[in-house]
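Everything on this sheet refers to the single structure shown next.
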Amino acid sequence: MENINVQVLLSRVTDEEQAIRPGQIGTRDYLATAARASGATVHSAELTSQHRHHSARYDSWVRRLLGLDDPPRRPTPWSPDKGPSPPRFELRVADSPGELEQLLRAKTELGASARITAGLCWPWSDATPGNPMVEDIVIGGWRRPWSVKGQRAVNGLPPSPLWAIDPAGSGQVGSVYSAQGFEYEYGGVILGPDLMWRDDRWVTDPAATRDDALDGAFVANVDLWIRRTYRVLLTRATAGTVLYSTDTDTRALLHALVAR
């Protein structure tokens with residue numbers, strides 16, 4: 001049998017921070033070891049930019065905001081990219097989920113795609129045929145349902161894999177499980193009580209999450225998983241993000257970082 005020389009190219013920007021739950025794999029070392037064990041030759045290359053956002057600096061700003069730099073550094077004020085002409089990435093902070101929704105509605109009325117996502121801090125009920133979506137997410141007088149769970153459409157609403165791209169998904173709030181891997185032009189992100197800014201650092205509260213994958217006192221690195229989850233949610237939009245936190249101190253931080 002003819003020998004086949006298989007070569008594998010690993011980028012140095014393999015996004016290891018897309019692993020957001022215990023047991024998920026995909027690090028460069030893991031992939032390189034598996035490739036070499038199969039007899040492949042591994043080459044590494046460094047990619048220094050990404051093209052999802054209308055900003056070369058937004059992704060790094062988010063990483064620093066959430067303390068995902070190594071070593072972690074204090075968040076810095078948002079500074080839009082300078083250039084001769086738009087498009088530029090828009091970053092806003094809302095004082096209520098209603099304001100967040102209103103800011104996104106202004107974009108959709110101009111023909112842009114937009115979605116709202118949130119940390120999994122509220123129950124997520126199952127939608128059943130013939131029954132309306134349960135408005136699980138309650139923030140003051142604002143109530144909205146999560147996206148449909150699973151692989152099947154319910155009551156004309158798209159299944160989880162289509163929530164980000166089907167126009168009928170715009171009325172529901174997405175979790176990291178329905179948003180990861182997708183993109184849209186504008187995104188609203190609700191930071192729940194599982195991630196709050198206190199004094200000069202982030203404080204995570206595992207008791208505030210409703211995610212079964214992070215349930216239990218023995219989940220290691222739960223602080224890291226929560227912050228990575230928000231990094232995924234914050235980096236889905238290509239043209240702009242609207243931030244809202246249910247916590248007053250955290251909103252104050254976001255306002256201090258993002259000029260009106």
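Chain lettering (A, B, ...) mirrors the order of the structure tokens, residue numbering begins at 1 for each chain separately, and ligand numbering begins at 1 in order of display.
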
Exercise: Gly67 of chain A partners within 9 Å, only C-alpha atoms, chain neighbours under 6 positions left out, as a list in words: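 Here the answer would be Arg73, Arg74, Pro75, Arg201, Trp202 and Arg227 of chain A.
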
All alpha helix (DSSP H) residues (DSSP, backbone) inside segment 74-226 of chain A, as a ChimeraX atom specification: /A:97-108,176-179,222-226

Residue neighbourhood Ile190 of chain A, 10 Å, only C-alpha atoms, exclusion window fewer than 6 positions, as a VMD selection string: chain A and resid 94 96 to 97 100 116 to 121 173 230 233 to 234 242 to 246

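Of the listed residues (A:Leu253, A:Ser175, A:Val232, A:Pro167), A:Leu253 comes nearest to Asp199 of chain A; the distances count only C-alpha atoms.
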
Exercise: Ala153 of chain A partners within 10 Å, only C-alpha atoms, chain neighbours under 6 positions left out, as a list of chain:residue names: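 Listed by chain and then number, they are A:Ala127, A:Thr128, A:Pro129, A:Pro159, A:Ser160, A:Pro161, A:Leu162, A:Trp163.
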